[in-house]
$ cat query_11.cif   # mmCIF, C-alpha atoms
data_model
#
loop_
_atom_site.label_atom_id
_atom_site.label_comp_id
_atom_site.auth_asym_id
_atom_site.auth_seq_id
_atom_site.Cartn_x
_atom_site.Cartn_y
_atom_site.Cartn_z
CA MET A 29 -50.48 7.09 22.78
CA ASP A 30 -48.76 9.80 24.84
CA ALA A 31 -50.37 8.39 27.99
CA VAL A 32 -49.09 4.91 27.17
CA PHE A 33 -45.49 6.07 26.69
CA LYS A 34 -45.67 8.18 29.86
CA ALA A 35 -46.96 5.21 31.83
CA LEU A 36 -44.27 2.90 30.47
CA ALA A 37 -41.48 5.38 31.21
CA ASP A 38 -41.48 4.60 34.93
CA PRO A 39 -39.67 1.41 36.04
CA THR A 40 -42.11 0.73 38.89
CA ARG A 41 -45.06 0.85 36.51
CA ARG A 42 -43.24 -1.49 34.14
CA GLU A 43 -42.66 -3.87 37.06
CA LEU A 44 -46.37 -3.72 37.90
CA LEU A 45 -47.19 -4.75 34.34
CA ASP A 46 -44.59 -7.51 34.56
CA GLU A 47 -46.25 -8.76 37.74
CA LEU A 48 -49.68 -8.81 36.06
CA PHE A 49 -48.10 -10.54 33.09
CA ARG A 50 -46.87 -13.21 35.50
CA GLU A 51 -50.20 -13.52 37.30
CA ASP A 52 -53.26 -11.68 36.02
CA GLY A 53 -56.22 -10.55 38.10
CA GLN A 54 -54.39 -9.50 41.30
CA THR A 55 -55.71 -7.37 44.15
CA LEU A 56 -53.99 -4.20 45.35
CA THR A 57 -52.84 -6.04 48.46
CA ALA A 58 -51.24 -8.81 46.41
CA LEU A 59 -49.45 -6.32 44.15
CA GLU A 60 -48.31 -4.18 47.09
CA ALA A 61 -46.48 -7.16 48.58
CA HIS A 62 -44.02 -7.17 45.67
CA PHE A 63 -42.84 -3.56 46.11
CA ASN A 64 -40.90 -1.62 48.74
CA ILE A 65 -43.12 1.44 48.46
CA THR A 66 -46.26 2.50 50.30
CA ARG A 67 -49.73 1.26 49.45
CA PHE A 68 -50.56 4.81 48.33
CA GLY A 69 -47.57 4.75 45.97
CA VAL A 70 -48.72 1.49 44.36
CA MET A 71 -52.24 2.92 44.02
CA LYS A 72 -50.86 6.04 42.34
CA HIS A 73 -48.91 3.98 39.79
CA LEU A 74 -51.90 1.73 39.10
CA ARG A 75 -54.09 4.79 38.55
CA GLN A 76 -51.73 6.06 35.86
CA LEU A 77 -51.66 2.62 34.21
CA GLU A 78 -55.47 2.63 34.21
CA GLU A 79 -55.54 6.10 32.65
CA ALA A 80 -53.30 4.75 29.87
CA ASN A 81 -55.68 1.76 29.51
CA LEU A 82 -52.81 -0.63 30.21
CA VAL A 83 -54.62 -1.97 33.26
CA VAL A 84 -58.36 -2.59 33.62
CA THR A 85 -60.16 -3.46 36.84
CA ARG A 86 -63.13 -5.64 37.72
CA ARG A 87 -65.01 -6.13 40.98
CA ARG A 88 -65.33 -9.70 42.24
CA GLY A 89 -67.38 -9.53 45.41
CA ARG A 90 -65.55 -7.25 47.83
CA GLU A 91 -62.27 -7.47 45.91
CA LYS A 92 -61.04 -5.24 43.10
CA LEU A 93 -58.92 -7.20 40.63
CA HIS A 94 -56.37 -5.71 38.23
CA PHE A 95 -55.85 -7.12 34.73
CA LEU A 96 -53.16 -6.42 32.16
CA ASN A 97 -54.66 -4.99 28.94
CA PRO A 98 -52.18 -5.62 26.07
CA VAL A 99 -54.22 -3.85 23.37
CA PRO A 100 -52.49 -0.40 23.63
CA ILE A 101 -49.10 -2.13 23.28
CA ARG A 102 -50.37 -3.97 20.21
CA LEU A 103 -51.49 -0.65 18.68
CA ILE A 104 -47.99 0.76 19.16
CA HIS A 105 -46.53 -2.37 17.60
CA ASP A 106 -48.86 -2.13 14.61
CA ARG A 107 -48.02 1.54 14.03
CA TRP A 108 -44.24 1.43 14.19
CA VAL A 109 -42.82 -2.06 14.46
CA SER A 110 -44.75 -4.48 12.28
CA LYS A 111 -44.16 -2.61 9.03
CA TYR A 112 -40.45 -3.47 9.37
CA ALA A 113 -40.76 -6.88 10.98
CA GLN A 114 -40.71 -10.34 9.47
CA PRO A 115 -43.84 -12.45 10.00
CA TRP A 116 -44.17 -13.06 13.69
CA ALA A 117 -46.02 -15.41 15.93
CA ALA A 118 -48.36 -13.48 18.17
CA GLY A 119 -45.76 -13.48 20.94
CA LEU A 120 -46.69 -9.99 22.11
CA SER A 121 -50.12 -11.29 23.05
CA ASP A 122 -48.80 -14.61 24.36
CA LEU A 123 -49.75 -13.89 27.94
CA LYS A 124 -48.73 -16.60 30.37
CA SER A 125 -50.51 -15.00 33.27
CA ARG A 126 -52.83 -17.13 35.34
CA LEU A 127 -55.78 -16.65 37.65
CA GLU A 128 -57.52 -19.06 39.95
CA ASN A 129 -59.32 -21.69 37.90
CA PRO A 130 -61.08 -20.80 35.64
CA MET A 131 -58.83 -18.30 33.92
CA GLU A 132 -60.11 -14.96 32.60
CA LYS A 133 -58.65 -12.49 30.09
CA ILE A 134 -59.93 -8.93 29.58
CA PHE A 135 -59.18 -6.72 26.57
CA GLU A 136 -60.34 -3.11 26.21
CA ILE A 137 -60.10 -0.64 23.34
CA TYR A 138 -61.62 2.73 22.38
CA ILE A 139 -62.90 3.14 18.82
CA ARG A 140 -64.19 6.35 17.24
CA THR A 141 -67.51 5.05 15.94
CA THR A 142 -71.14 4.56 16.97
CA PRO A 143 -72.49 1.57 18.91
CA GLU A 144 -74.60 0.61 15.89
CA LYS A 145 -71.64 0.55 13.49
CA LEU A 146 -69.51 -1.32 16.00
CA TRP A 147 -72.25 -3.92 16.51
CA GLU A 148 -72.54 -4.34 12.74
CA ALA A 149 -68.78 -4.86 12.43
CA ILE A 150 -68.93 -7.58 15.11
CA THR A 151 -71.96 -9.42 13.71
CA ASP A 152 -71.64 -8.95 9.93
CA SER A 153 -69.72 -11.93 8.56
CA GLU A 154 -68.15 -10.09 5.61
CA ILE A 155 -66.93 -7.18 7.75
CA ARG A 156 -65.72 -9.52 10.47
CA SER A 157 -63.54 -11.42 8.04
CA LYS A 158 -61.64 -8.19 7.30
CA TYR A 159 -60.10 -8.05 10.77
CA ASN A 160 -60.48 -11.61 12.08
CA PHE A 161 -57.82 -13.45 10.02
CA GLY A 162 -60.24 -13.80 7.10
CA ASN A 163 -62.73 -15.76 9.22
CA GLY A 164 -66.45 -15.13 8.91
CA ILE A 165 -69.29 -16.23 11.17
CA GLU A 166 -72.52 -17.97 10.21
CA THR A 167 -75.54 -17.58 12.53
CA ASP A 168 -78.96 -15.93 12.77
CA TRP A 169 -77.96 -13.99 15.93
CA THR A 170 -80.89 -15.08 18.07
CA PRO A 171 -80.40 -16.03 21.74
CA GLY A 172 -79.76 -19.75 22.01
CA SER A 173 -78.80 -20.12 18.35
CA SER A 174 -75.59 -21.80 17.25
CA TYR A 175 -72.82 -20.31 15.13
CA THR A 176 -69.86 -21.55 13.13
CA MET A 177 -66.63 -19.74 12.27
CA THR A 178 -65.49 -20.44 8.72
CA ASN A 179 -62.71 -19.50 6.34
CA PRO A 180 -62.74 -19.93 2.53
CA ARG A 181 -59.30 -21.55 2.76
CA ALA A 182 -60.36 -24.12 5.35
CA ASP A 183 -62.12 -27.38 4.52
CA ALA A 184 -64.07 -27.44 7.79
CA PRO A 185 -65.31 -24.93 10.41
CA LEU A 186 -62.59 -23.36 12.56
CA GLY A 187 -64.85 -22.77 15.52
CA GLU A 188 -68.36 -23.13 16.85
CA GLY A 189 -70.51 -22.11 19.76
CA GLU A 190 -73.80 -20.76 21.03
CA ASN A 191 -75.13 -17.20 21.25
CA LEU A 192 -76.08 -17.00 24.93
CA GLU A 193 -77.11 -13.33 25.04
CA VAL A 194 -77.77 -11.01 22.08
CA ASP A 195 -78.56 -7.41 23.09
CA PRO A 196 -77.79 -5.04 20.20
CA PRO A 197 -75.94 -2.75 20.23
CA ARG A 198 -74.73 -3.26 23.77
CA LYS A 199 -73.79 -6.81 24.64
CA LEU A 200 -73.07 -10.15 23.02
CA VAL A 201 -72.24 -13.28 25.01
CA GLN A 202 -71.10 -16.46 23.21
CA THR A 203 -69.62 -19.81 24.06
CA MET A 204 -66.57 -20.69 21.97
CA ARG A 205 -65.09 -24.02 20.96
CA ALA A 206 -61.98 -23.79 18.78
CA LEU A 207 -61.68 -26.42 16.06
CA TRP A 208 -58.60 -25.45 14.05
CA GLY A 209 -56.26 -28.01 15.63
CA GLU A 210 -56.20 -30.98 17.97
CA ASP A 211 -54.40 -28.99 20.67
CA VAL A 212 -57.16 -26.37 20.90
CA ILE A 213 -60.00 -28.85 20.42
CA ALA A 214 -58.79 -30.52 23.62
CA GLU A 215 -59.35 -27.26 25.52
CA GLY A 216 -63.12 -27.60 25.25
CA THR A 217 -65.57 -24.71 25.55
CA SER A 218 -64.89 -21.20 26.86
CA ARG A 219 -66.95 -17.99 26.84
CA VAL A 220 -66.52 -14.62 25.09
CA THR A 221 -68.42 -11.47 26.12
CA TRP A 222 -68.47 -8.32 23.96
CA GLU A 223 -69.60 -5.16 25.79
CA ILE A 224 -70.12 -1.83 24.02
CA GLU A 225 -70.39 1.48 25.89
CA GLN A 226 -70.66 4.86 24.20
CA VAL A 227 -68.18 7.42 25.53
CA GLU A 228 -68.84 10.81 23.92
CA ASP A 229 -68.02 10.40 20.20
CA SER A 230 -66.40 6.98 20.66
CA CYS A 231 -67.16 3.51 21.97
CA ARG A 232 -65.38 1.55 24.65
CA LEU A 233 -65.31 -2.10 23.62
CA THR A 234 -64.48 -4.62 26.32
CA VAL A 235 -63.93 -8.24 25.35
CA THR A 236 -63.83 -10.72 28.24
CA HIS A 237 -62.66 -14.24 27.43
CA ASP A 238 -63.30 -16.44 30.45
CA GLN A 239 -64.15 -19.95 31.58
CA LEU A 240 -60.69 -20.94 30.36
CA ARG A 241 -58.86 -23.61 32.29
CA GLU A 242 -55.77 -22.48 34.17
CA GLY A 243 -52.82 -22.69 31.78
CA ALA A 244 -55.09 -22.89 28.72
CA ASN A 245 -53.49 -22.96 25.27
CA ASP A 246 -52.68 -19.36 24.39
CA GLN A 247 -53.95 -19.82 20.84
CA LEU A 248 -57.44 -19.40 22.29
CA TYR A 249 -56.91 -15.84 23.53
CA GLY A 250 -53.54 -14.70 22.14
CA GLY A 251 -55.00 -13.24 18.95
CA TRP A 252 -57.42 -10.79 20.59
CA PRO A 253 -55.08 -7.74 20.61
CA MET A 254 -54.49 -8.13 16.86
CA ILE A 255 -58.19 -8.72 16.13
CA LEU A 256 -59.25 -5.64 18.09
CA SER A 257 -56.51 -3.53 16.48
CA GLY A 258 -57.80 -4.62 13.07
CA LEU A 259 -61.38 -3.80 14.08
CA LYS A 260 -60.36 -0.31 15.20
CA THR A 261 -58.38 0.28 12.00
CA TRP A 262 -61.29 -0.82 9.80
CA LEU A 263 -63.93 1.29 11.54
CA GLU A 264 -61.82 4.44 11.82
CA THR A 265 -60.09 4.37 8.42
CA GLY A 266 -61.93 1.84 6.24
CA GLU A 267 -58.59 0.14 5.61
CA LEU A 268 -57.28 -3.33 6.43
CA LEU A 269 -54.55 -3.89 8.96
CA THR A 270 -51.55 -4.91 6.86
CA THR A 271 -49.27 -6.48 9.44
CA PRO A 272 -48.02 -9.95 8.47
CA GLY A 273 -49.90 -11.55 11.34
CA SER A 274 -53.22 -9.98 10.41
CA LEU A 275 -52.90 -11.25 6.84
CA MET A 276 -51.60 -14.74 7.56
CA TYR A 277 -54.93 -16.48 6.86
CA THR A 278 -56.40 -14.12 4.24
#
$ encode --input "query_11.cif" --output "structure tokens"
Amino acid sequence: MDAVFKALADPTRRELLDELFREDGQTLTALEAHFNITRFGVMKHLRQLEEANLVVTRRRGREKLHFLNPVPIRLIHDRWVSKYAQPWAAGLSDLKSRLENPMEKIFEIYIRTTPEKLWEAITDSEIRSKYNFGNGIETDWTPGSSYTMTNPRADAPLGEGENLEVDPPRKLVQTMRALWGEDVIAEGTSRVTWEIEQVEDSCRLTVTHDQLREGANDQLYGGWPMILSGLKTWLETGELLTTPGSLMYT
């Protein structure tokens, strides 16, 4: 977390994060236009934000796009803030940023575990319920198969979709259709991609939630920082995340 605090200490870097919060997925040229410093200076600040994992980048053709990654901020919140806070809506992860239609959100986290254990935690329904608001998943995990997301306290499935690509323990691609309320049902189908990469004794997990309409309801993607924080806590400590938000449906 030292790298996160160091990155956040500089006002220009905070402004860069604010700009990505306003509009995610920007190029260096687009970001540079908002600051009265050199292109090299903006690049230097972005590099430090990337080293702190607060910004992740993706190539789209010849362009390099920069995305705000809220997961490190959520981890700080879970460690020091939430134990004192009253139950909160997931406002920290309520990102209003937009990209050209369709919208895309990228979340990245490092977990000290093996790819096999991480894959099991993603695909085992009982384990998944421990960090995913009590929700399990029912499927046979074959490409092209369907799945449903269920909760013992719900009378009907909370979500459904199709397993497009199943490549253990490296990659899982699924469609997602939320069913827990009329407002999210109206959003239709989006896509979630889980990518696992071993990095020495840890794994880098990247979750990409895309094919969202511009201005999509933030309930669809706002819970990812808390879910991934809970997944990290479970795999590294064997304990449940005990923030009010993580327990609200258990």
$ resolve_selection --input "query_11.cif" --expression "the PyMOL selection byres ((chain A and resi 228-238) around 6)" --output "number ranges by chain"
A: 131-141, 219-227, 239-240
$ resolve_selection --input "query_11.cif" --expression "the PyMOL selection byres ((chain A and resi 166) around 10)" --output "list in words"
Thr151, Asp152, Ser153, Gly164, Ile165, Thr167, Asp168, Trp169, Ser174, Tyr175, Thr176, Met177, Thr178 and Glu188 of chain A
$ axis_aligned_box --input "query_11.cif" --around "segment 236-252 of chain A" --padding-each-side "5 Å" --output "JSON"
{"center_x": -58.4, "center_y": -17.2, "center_z": 26.6, "size_x": 21.5, "size_y": 22.9, "size_z": 25.2}
$ resolve_selection --input "query_11.cif" --expression "the PyMOL selection byres ((chain A and resi 63-77) around 9)" --output "PyMOL selection string"
chain A and resi 31-32+34-36+38+40-41+44-45+56-57+59-62+78-84+94
$ closest_residue --input "query_11.cif" --among "A:Asn97, A:Thr265, A:Gln247, A:Thr217" --to "Asp46 of chain A" --atoms "only C-alpha atoms"
A:Asn97
$ closest_residue --input "query_11.cif" --among "A:Ile101, A:Leu96, A:Ala149, A:Ile213" --to "Gly266 of chain A" --atoms "only C-alpha atoms"
A:Ala149
$ residues_around --input "query_11.cif" --residues "segment 205-209 of chain A" --least-positions-apart "2" --cutoff "9 Å" --atoms "all atoms listed in the file" --output "VMD selection string"
chain A and resid 177 182 184 to 189 203 211 to 219 248
$ closest_residue --input "query_11.cif" --among "A:Leu48, A:Leu268, A:Ala37, A:Met204" --to "Arg156 of chain A" --atoms "all atoms listed in the file"
A:Leu268
$ closest_residue --input "query_11.cif" --among "A:Arg107, A:Gly243, A:Glu91, A:Glu190" --to "Ala58 of chain A" --atoms "only C-alpha atoms"
A:Glu91
$ atom_distance --input "query_11.cif" --atom1 "atom CA of Lys158 of chain A" --atom2 "atom CA of Pro180 of chain A"
12.7 Å
$ closest_residue --input "query_11.cif" --among "A:Glu148, A:Asp106, A:Asp183, A:Asp195" --to "Ser257 of chain A" --atoms "all atoms listed in the file"
A:Asp106
$ atom_distance --input "query_11.cif" --atom1 "atom CA of Pro171 of chain A" --atom2 "atom CA of Asn191 of chain A"
5.4 Å
$ atom_distance --input "query_11.cif" --atom1 "atom CA of Pro196 of chain A" --atom2 "atom CA of Pro253 of chain A"
22.9 Å
$ closest_residue --input "query_11.cif" --among "A:Leu146, A:Val201, A:Ile155, A:Leu103" --to "Ser173 of chain A" --atoms "all atoms listed in the file"
A:Val201
$ build_atoms --input "query_11.cif" --residues "segment 66-77 of chain A" --atoms "all heavy atoms" --output "CSV table (one decimal), keeping the file's coordinate frame"
chain,number,residue,atom,x,y,z
A,66,THR,N,-45.0,2.5,49.5
A,66,THR,CA,-46.3,2.5,50.3
A,66,THR,C,-47.4,2.0,49.4
A,66,THR,O,-47.4,2.0,48.2
A,66,THR,CB,-46.6,3.9,50.8
A,66,THR,OG1,-46.8,4.8,49.7
A,66,THR,CG2,-45.4,4.5,51.6
A,67,ARG,N,-48.5,1.7,50.1
A,67,ARG,CA,-49.7,1.3,49.4
A,67,ARG,C,-50.2,2.4,48.6
A,67,ARG,O,-50.7,2.2,47.4
A,67,ARG,CB,-50.8,0.9,50.5
A,67,ARG,CG,-52.1,0.4,49.9
A,67,ARG,CD,-53.1,0.0,51.0
A,67,ARG,NE,-54.3,-0.5,50.5
A,67,ARG,CZ,-54.5,-1.8,50.3
A,67,ARG,NH1,-53.6,-2.7,50.4
A,67,ARG,NH2,-55.7,-2.2,49.8
A,68,PHE,N,-50.1,3.6,49.1
A,68,PHE,CA,-50.6,4.8,48.3
A,68,PHE,C,-49.7,4.9,47.1
A,68,PHE,O,-50.3,5.3,46.0
A,68,PHE,CB,-50.4,6.1,49.2
A,68,PHE,CG,-50.8,7.3,48.4
A,68,PHE,CD1,-52.1,7.7,48.2
A,68,PHE,CD2,-49.8,8.2,48.0
A,68,PHE,CE1,-52.4,8.8,47.5
A,68,PHE,CE2,-50.1,9.3,47.3
A,68,PHE,CZ,-51.4,9.7,47.0
A,69,GLY,N,-48.4,4.7,47.2
A,69,GLY,CA,-47.6,4.8,46.0
A,69,GLY,C,-48.0,3.7,44.9
A,69,GLY,O,-48.0,4.1,43.7
A,70,VAL,N,-48.3,2.5,45.3
A,70,VAL,CA,-48.7,1.5,44.4
A,70,VAL,C,-50.0,1.9,43.7
A,70,VAL,O,-50.2,1.8,42.5
A,70,VAL,CB,-48.9,0.1,45.1
A,70,VAL,CG1,-49.5,-0.9,44.1
A,70,VAL,CG2,-47.5,-0.4,45.6
A,71,MET,N,-51.0,2.5,44.5
A,71,MET,CA,-52.2,2.9,44.0
A,71,MET,C,-52.1,4.0,43.0
A,71,MET,O,-52.7,4.0,41.9
A,71,MET,CB,-53.1,3.4,45.2
A,71,MET,CG,-53.6,2.3,46.1
A,71,MET,SD,-54.5,3.0,47.5
A,71,MET,CE,-55.8,3.9,46.7
A,72,LYS,N,-51.1,4.9,43.3
A,72,LYS,CA,-50.9,6.0,42.3
A,72,LYS,C,-50.3,5.5,41.0
A,72,LYS,O,-50.8,6.0,39.9
A,72,LYS,CB,-49.9,7.0,43.0
A,72,LYS,CG,-49.6,8.3,42.2
A,72,LYS,CD,-48.7,9.2,42.9
A,72,LYS,CE,-48.4,10.5,42.1
A,72,LYS,NZ,-47.5,11.4,42.8
A,73,HIS,N,-49.4,4.6,41.0
A,73,HIS,CA,-48.9,4.0,39.8
A,73,HIS,C,-50.0,3.2,39.0
A,73,HIS,O,-50.1,3.3,37.8
A,73,HIS,CB,-47.7,3.1,40.1
A,73,HIS,CG,-46.5,3.8,40.4
A,73,HIS,ND1,-45.9,4.7,39.6
A,73,HIS,CD2,-45.7,3.7,41.6
A,73,HIS,CE1,-44.8,5.1,40.1
A,73,HIS,NE2,-44.6,4.6,41.3
A,74,LEU,N,-50.8,2.5,39.7
A,74,LEU,CA,-51.9,1.7,39.1
A,74,LEU,C,-52.9,2.7,38.4
A,74,LEU,O,-53.4,2.4,37.4
A,74,LEU,CB,-52.6,0.8,40.1
A,74,LEU,CG,-51.9,-0.4,40.5
A,74,LEU,CD1,-52.6,-1.1,41.7
A,74,LEU,CD2,-51.8,-1.4,39.4
A,75,ARG,N,-53.2,3.8,39.1
A,75,ARG,CA,-54.1,4.8,38.6
A,75,ARG,C,-53.6,5.3,37.2
A,75,ARG,O,-54.4,5.5,36.3
A,75,ARG,CB,-54.3,5.9,39.5
A,75,ARG,CG,-55.4,6.9,39.1
A,75,ARG,CD,-55.6,8.0,40.1
A,75,ARG,NE,-55.9,7.4,41.5
A,75,ARG,CZ,-55.1,7.6,42.5
A,75,ARG,NH1,-53.9,8.3,42.4
A,75,ARG,NH2,-55.4,7.1,43.7
A,76,GLN,N,-52.3,5.6,37.1
A,76,GLN,CA,-51.7,6.1,35.9
A,76,GLN,C,-51.8,5.0,34.8
A,76,GLN,O,-52.0,5.3,33.6
A,76,GLN,CB,-50.3,6.6,36.1
A,76,GLN,CG,-49.7,7.3,34.8
A,76,GLN,CD,-48.7,8.3,35.2
A,76,GLN,OE1,-48.4,8.6,36.4
A,76,GLN,NE2,-48.0,8.9,34.2
A,77,LEU,N,-51.6,3.7,35.2
A,77,LEU,CA,-51.7,2.6,34.2
A,77,LEU,C,-53.1,2.5,33.7
A,77,LEU,O,-53.3,2.2,32.6
A,77,LEU,CB,-51.2,1.3,34.8
A,77,LEU,CG,-49.7,1.2,35.1
A,77,LEU,CD1,-49.3,0.0,35.9
A,77,LEU,CD2,-48.9,1.2,33.8
